[in-house]
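This is model-v6.tsv (TSV, C-alpha atoms and all ligand atoms).
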chain	number	residue	atom	x	y	z
A	1	MET	CA	0.00	0.00	0.00
A	2	LYS	CA	2.84	2.39	0.81
A	3	THR	CA	4.27	2.06	-2.69
A	4	ALA	CA	0.80	2.90	-4.02
A	5	GLY	CA	0.94	6.07	-1.89
A	6	LYS	CA	-1.85	4.91	0.45
A	7	THR	CA	-1.89	4.76	4.22
A	8	VAL	CA	-3.78	1.98	5.98
A	9	PHE	CA	-5.29	2.33	9.45
A	10	SER	CA	-7.08	-0.52	11.15
A	11	TRP	CA	-10.02	-0.53	13.52
A	12	VAL	CA	-10.74	-3.83	15.22
A	13	PHE	CA	-13.76	-4.81	17.30
A	14	PRO	CA	-14.91	-7.96	19.18
A	15	ALA	CA	-16.33	-10.70	16.94
A	16	GLY	CA	-20.03	-11.55	17.05
A	17	GLU	CA	-23.49	-10.26	16.27
A	18	ALA	CA	-23.53	-8.25	19.55
A	19	SER	CA	-20.94	-5.91	18.00
A	20	LYS	CA	-23.19	-5.01	15.07
A	21	ASN	CA	-24.68	-1.99	16.77
A	22	ILE	CA	-24.99	1.75	16.23
A	23	ASP	CA	-22.40	2.52	18.94
A	24	ASN	CA	-19.71	0.62	17.07
A	25	ALA	CA	-20.69	2.18	13.74
A	26	MET	CA	-20.35	5.62	15.34
A	27	LYS	CA	-17.03	4.65	16.97
A	28	LEU	CA	-15.70	3.70	13.55
A	29	CYS	CA	-16.92	7.03	12.08
A	30	ALA	CA	-15.38	8.92	15.03
A	31	TYR	CA	-12.07	7.13	14.44
A	32	ALA	CA	-12.19	8.07	10.75
A	33	ALA	CA	-12.98	11.68	11.72
A	34	GLU	CA	-10.07	11.77	14.21
A	35	LEU	CA	-7.80	10.66	11.38
A	36	LYS	CA	-9.27	13.52	9.32
A	37	LEU	CA	-10.16	11.17	6.48
A	38	GLY	CA	-11.86	12.81	3.52
A	39	ARG	CA	-14.33	11.63	0.92
A	40	ASN	CA	-11.49	9.99	-0.99
A	41	ALA	CA	-10.98	7.52	1.87
A	42	LEU	CA	-12.01	3.92	1.44
A	43	PHE	CA	-13.28	1.54	4.10
A	44	ALA	CA	-12.27	-2.10	3.58
A	45	ALA	CA	-14.36	-4.62	5.49
A	46	LEU	CA	-12.08	-7.60	6.15
A	47	GLY	CA	-14.00	-10.31	7.98
A	48	GLY	CA	-17.39	-11.98	8.12
A	49	GLY	CA	-20.90	-10.65	7.71
A	50	VAL	CA	-20.93	-8.56	10.89
A	51	THR	CA	-17.81	-6.72	9.72
A	52	GLY	CA	-19.23	-6.13	6.25
A	53	ASP	CA	-22.59	-4.89	7.50
A	54	LEU	CA	-21.04	-2.60	10.12
A	55	ALA	CA	-18.29	-1.15	7.92
A	56	GLY	CA	-20.71	-0.81	5.00
A	57	PHE	CA	-23.19	1.09	7.18
A	58	ALA	CA	-20.41	3.36	8.47
A	59	ALA	CA	-19.26	3.94	4.87
A	60	ALA	CA	-22.83	4.81	3.86
A	61	THR	CA	-23.05	7.50	6.54
A	62	PHE	CA	-19.51	8.86	7.12
A	63	LEU	CA	-19.29	12.24	5.34
A	64	ARG	CA	-22.69	11.31	3.81
A	65	GLY	CA	-21.14	8.33	2.06
A	66	ILE	CA	-17.67	7.14	1.06
A	67	ASP	CA	-16.59	4.11	-0.96
A	68	TYR	CA	-15.99	0.74	0.62
A	69	VAL	CA	-14.89	-2.71	-0.46
A	70	GLN	CA	-16.00	-6.04	0.94
A	71	ILE	CA	-13.30	-8.65	1.64
A	72	PRO	CA	-15.33	-11.56	3.05
A	73	THR	CA	-13.44	-14.24	4.97
A	74	THR	CA	-16.38	-16.56	5.71
A	75	LEU	CA	-18.40	-18.62	3.23
A	76	LEU	CA	-21.60	-17.01	4.53
A	77	ALA	CA	-20.35	-13.46	3.95
A	78	ALA	CA	-18.88	-14.42	0.55
A	79	VAL	CA	-22.16	-15.78	-0.82
A	80	ASP	CA	-24.61	-13.46	0.90
A	81	SER	CA	-23.92	-10.27	2.82
A	82	SER	CA	-20.89	-9.03	0.85
A	83	VAL	CA	-22.94	-8.99	-2.36
A	84	GLY	CA	-25.90	-6.71	-2.97
A	85	GLY	CA	-25.26	-3.57	-0.93
A	86	LYS	CA	-27.45	-4.21	2.11
A	87	THR	CA	-25.70	-2.67	5.11
A	88	ALA	CA	-27.15	-2.38	8.59
A	89	VAL	CA	-26.79	-2.53	12.34
A	90	ASP	CA	-29.08	-4.16	14.90
A	91	ILE	CA	-31.08	-2.23	17.47
A	92	PRO	CA	-32.89	-3.62	20.55
A	93	SER	CA	-36.15	-3.83	18.57
A	94	GLY	CA	-34.60	-6.15	15.98
A	95	LYS	CA	-31.88	-7.23	13.59
A	96	ASN	CA	-30.83	-4.99	10.67
A	97	LEU	CA	-33.46	-2.38	11.50
A	98	VAL	CA	-31.17	0.60	10.87
A	99	GLY	CA	-29.29	0.52	7.60
A	100	ALA	CA	-28.77	1.73	4.07
A	101	PHE	CA	-28.42	0.35	0.58
A	102	LYS	CA	-24.81	1.05	-0.36
A	103	GLN	CA	-23.09	-0.99	-3.03
A	104	PRO	CA	-19.45	-1.87	-2.40
A	105	LEU	CA	-16.95	-0.70	-4.97
A	106	ARG	CA	-15.62	-4.26	-5.18
A	107	VAL	CA	-16.03	-7.63	-3.49
A	108	ILE	CA	-12.70	-9.42	-3.17
A	109	CYS	CA	-12.99	-13.02	-2.05
A	110	ASP	CA	-10.04	-15.28	-1.28
A	111	ILE	CA	-11.52	-18.75	-0.82
A	112	ASP	CA	-8.36	-19.94	0.99
A	113	THR	CA	-9.53	-17.96	4.04
A	114	PHE	CA	-12.34	-20.51	4.50
A	115	GLU	CA	-9.77	-23.17	5.37
A	116	THR	CA	-9.42	-21.75	8.88
A	117	LEU	CA	-13.16	-21.67	9.57
A	118	PRO	CA	-14.52	-23.93	12.33
A	119	ASP	CA	-16.96	-26.50	10.89
A	120	VAL	CA	-19.96	-24.81	12.47
A	121	VAL	CA	-19.10	-21.49	10.77
A	122	PHE	CA	-18.48	-23.20	7.43
A	123	HIS	CA	-21.83	-24.98	7.69
A	124	ASP	CA	-23.52	-21.64	8.31
A	125	GLY	CA	-22.49	-20.61	4.82
A	126	CYS	CA	-23.62	-23.95	3.40
A	127	ALA	CA	-27.22	-23.25	4.50
A	128	GLU	CA	-27.17	-20.09	2.39
A	129	CYS	CA	-25.78	-21.92	-0.67
A	130	ILE	CA	-28.43	-24.65	-0.35
A	131	LYS	CA	-30.97	-21.80	-0.41
A	132	TYR	CA	-29.60	-20.75	-3.83
A	133	GLY	CA	-29.84	-24.37	-4.90
A	134	VAL	CA	-33.51	-24.51	-3.90
A	135	LEU	CA	-34.20	-21.22	-5.65
A	136	GLN	CA	-32.38	-21.84	-8.87
A	137	SER	CA	-29.52	-24.32	-9.11
A	138	PRO	CA	-29.83	-28.10	-9.50
A	139	ARG	CA	-26.02	-28.13	-9.76
A	140	LEU	CA	-25.62	-26.68	-6.25
A	141	LEU	CA	-28.09	-29.23	-4.88
A	142	GLU	CA	-26.13	-32.01	-6.61
A	143	ILE	CA	-22.87	-30.89	-4.97
A	144	PHE	CA	-24.48	-30.50	-1.53
A	145	SER	CA	-26.20	-33.88	-1.74
A	146	LYS	CA	-22.70	-35.45	-1.83
A	147	GLY	CA	-21.69	-33.99	1.55
A	148	THR	CA	-19.16	-31.60	3.04
A	149	GLU	CA	-16.05	-33.03	1.33
A	150	ALA	CA	-17.63	-32.59	-2.11
A	151	VAL	CA	-18.57	-29.04	-1.18
A	152	LYS	CA	-14.99	-28.28	-0.11
A	153	GLU	CA	-13.58	-29.84	-3.29
A	154	ASN	CA	-15.89	-27.69	-5.42
A	155	ILE	CA	-15.83	-24.58	-3.25
A	156	ALA	CA	-14.79	-22.18	-6.05
A	157	GLU	CA	-17.74	-23.34	-8.15
A	158	VAL	CA	-20.09	-23.20	-5.14
A	159	VAL	CA	-19.14	-19.58	-4.41
A	160	ALA	CA	-19.22	-18.51	-8.07
A	161	GLU	CA	-22.63	-20.10	-8.70
A	162	SER	CA	-24.12	-18.68	-5.48
A	163	VAL	CA	-22.81	-15.18	-6.19
A	164	ARG	CA	-24.02	-15.39	-9.80
A	165	ILE	CA	-27.54	-16.20	-8.60
A	166	LYS	CA	-27.53	-13.52	-5.91
A	167	ALA	CA	-26.11	-10.84	-8.25
A	168	ASP	CA	-28.83	-11.66	-10.76
A	169	TYR	CA	-31.62	-11.05	-8.21
A	170	VAL	CA	-29.94	-7.84	-7.03
A	171	ALA	CA	-29.46	-6.55	-10.59
A	172	ASN	CA	-33.19	-6.97	-11.16
A	173	ASP	CA	-34.34	-5.47	-7.84
A	174	GLU	CA	-31.57	-3.60	-6.04
A	175	PHE	CA	-33.86	-2.03	-3.44
A	176	ASP	CA	-35.72	-5.18	-2.42
A	177	THR	CA	-39.21	-4.23	-3.50
A	178	GLY	CA	-39.98	-7.34	-5.53
A	179	ILE	CA	-38.07	-10.35	-6.78
A	180	ARG	CA	-35.08	-9.87	-4.44
A	181	ARG	CA	-37.37	-10.90	-1.62
A	182	TYR	CA	-36.97	-14.48	-2.87
A	183	LEU	CA	-33.51	-14.27	-1.26
A	184	ASN	CA	-35.21	-13.99	2.12
A	185	LEU	CA	-36.16	-17.65	1.78
A	186	GLY	CA	-35.33	-19.12	5.19
A	187	HIS	CA	-34.44	-15.70	6.65
A	188	THR	CA	-37.83	-14.38	7.68
A	189	ILE	CA	-38.54	-17.32	9.97
A	190	GLY	CA	-34.78	-17.62	10.61
A	191	HIS	CA	-34.69	-14.15	12.20
A	192	ALA	CA	-37.55	-15.17	14.48
A	193	VAL	CA	-35.54	-18.27	15.47
A	194	GLU	CA	-32.38	-16.24	16.19
A	195	LYS	CA	-33.90	-13.43	18.23
A	196	PRO	CA	-35.23	-15.27	21.33
A	197	GLY	CA	-31.80	-16.86	21.82
A	198	ASN	CA	-30.20	-13.40	21.54
A	199	PHE	CA	-28.42	-14.54	18.35
A	200	GLU	CA	-26.34	-16.98	20.44
A	201	ARG	CA	-28.44	-20.14	20.82
A	202	PHE	CA	-28.61	-20.78	17.07
A	203	SER	CA	-26.10	-19.48	14.54
A	204	HIS	CA	-27.38	-17.46	11.58
A	205	GLY	CA	-26.87	-20.39	9.21
A	206	GLU	CA	-28.66	-22.82	11.50
A	207	SER	CA	-31.54	-20.35	11.80
A	208	VAL	CA	-31.75	-19.94	8.02
A	209	GLY	CA	-31.69	-23.73	7.69
A	210	ILE	CA	-34.54	-24.08	10.18
A	211	GLY	CA	-36.37	-21.22	8.41
A	301	LIG	N1	-29.71	-11.49	2.25
A	301	LIG	C1	-30.77	-11.18	1.41
A	301	LIG	C2	-30.52	-10.04	0.48
A	301	LIG	O1	-29.39	-9.55	0.36
A	301	LIG	O2	-31.44	-9.59	-0.14
Would you kindly transcribe this structure into C-alpha cells?
Amino acid sequence: MKTAGKTVFSWVFPAGEASKNIDNAMKLCAYAAELKLGRNALFAALGGGVTGDLAGFAAATFLRGIDYVQIPTTLLAAVDSSVGGKTAVDIPSGKNLVGAFKQPLRVICDIDTFETLPDVVFHDGCAECIKYGVLQSPRLLEIFSKGTEAVKENIAEVVAESVRIKADYVANDEFDTGIRRYLNLGHTIGHAVEKPGNFERFSHGESVGIG
C-alpha cells in the first residue's frame, strides 16, 4: 500500500453479532474523523458478515457516504452479505433495522480464508448456498447432496454459482421491492428463530436452515 501512496489504518472490534450496533458504527466514524479522512478515503471490510454490515453502514453515513470494499473471509459473507449492498446494524427492537443500501466498490474473495473456519461457521455458509440451490440451481443441490467433502472440493464453483444467482436477483431489484425478496427464503422465519436466543443459541446459518 505504501508504494501505491496509500496509508492503511485498522479498527478492530470484538467478533459476534452483539458488536453489530450503532455505537460501534459511530465509533468507527469517530475514528475516521479523528484521522481527518476525507471523501477519498475507502473503508475495507475484512472479515465476516458482521464486519461487512457494520463497515458498510459506516461507509454509507460517514461524510454522507464514502466508498468501501467487501473482503469476506467466511463462506456465509462471501455468498450473501458481501454482495448486494445491504448494510445495517441491529437495534434492541430487531436485527438490521437501521441501515442503508450502499453498493461496495468491489467484493474481493479469497476462498483460501475458509480453510481456517470452524466447521460450524463453514456450515452456516452452506445453508445459504443450499438456499440458492432450492431457488435456482440443481447443480448446487447435486454438490451439496454429496456432503461436506464434495462441497470443499468444489468450493470455487459453489461460491461462483451462489454469487451469480444472488447478483442476478440484485441486478433486477436492487432495493428489495420485488423479486429480491426471494432471497429472504429461510431468513424471515430464521430471524424469528435467532432473536429469542439473543443470536447466540442458534447461529445465523442454523436459523436460516430451520427457516
Ligand atoms: N440477504 C438477502 C438479500 O441480500 O437480499
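If one restricts the calculation to all atoms listed in the file, the set of residues situated within 7 Å of ligand LIG 301 (chain A) consists of A:Asp80, A:Ser81, A:Gly84, A:Lys86, A:Asp176, A:Arg180, A:Arg181, A:Leu183, A:Asn184.
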Q.
Residues near segment 42-56 of chain A, anyone? I mean within 9 Å using all atoms listed in the file, not counting same-chain ones fewer than 6 positions away, as a PyMOL selection string.
A. chain A and resi 13+15-17+19-22+24-25+28+66-78+80-82+85-89+96+99-104
**Q.** Interatomic distance, atom CA of Val170 of chain A to atom CA of Arg64 of chain A (Å, one decimal)
**A.** 23.2 Å
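Residue nearest Phe122 of chain A within the list A:Val79, A:Cys29, A:Leu185, A:Leu35: A:Val79 [criterion: smallest interatomic distance, all atoms listed in the file].
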Q: Find the spatial neighbours of segment 188-194 of chain A, counting all atoms listed in the file, within a cut-off of 6 Å - ignore same-chain residues fewer than 6 positions away - and output them as an NGL selection string.
A: :A and (202 or 207-208 or 211)
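By only C-alpha atoms, and with residues fewer than 2 positions from segment 36-39 of chain A along its chain excluded, the set lying at most 7 Å from it is Ala32, Ala33, Glu34, Ala41, Leu63 and Ile66 of chain A.
If you measure from each of A:His204, A:Val134, A:Glu149, A:Asp90 to Val121 of chain A using all atoms listed in the file, the closest one turns out to be A:His204.
Remark: for Ser162 of chain A, the closest of the candidate residues A:Ile210, A:Ala150, A:Val83, A:Asp124 is A:Val83 (distances computed over only C-alpha atoms).
Near Glu161 of chain A, within 10 Å and counting all atoms listed in the file, sit Val79, Cys129, Tyr132, Gly133, Gln136, Ser137, Arg139, Leu140, Ile155, Ala156, Glu157, Val158, Val159, Val163, Arg164, Ile165, Lys166 and Ala167 of chain A; same-chain residues fewer than 2 positions away were not included.
Among the candidates A:Asn40, A:Lys27, A:Asn154, A:Gly5, the residue lying nearest to Gly65 of chain A is A:Asn40 (atoms considered: only C-alpha atoms).
With only C-alpha atoms as the atoms that count, the residue of A:Ala127, A:Ile179, A:Tyr169, A:Thr113 with the shortest distance to Ser203 of chain A is A:Ala127.
Atom CA of Lys131 of chain A is found 7.6 Å from atom CA of Gly186 of chain A.
Between atom CA of Val120 of chain A and atom CA of Pro138 of chain A the separation is 24.3 Å.
For the residues A:Ala160, A:Cys126, A:Ala58, A:Leu97, ranking by smallest atom-to-atom distance to Phe144 of chain A using all atoms listed in the file places A:Cys126 first.
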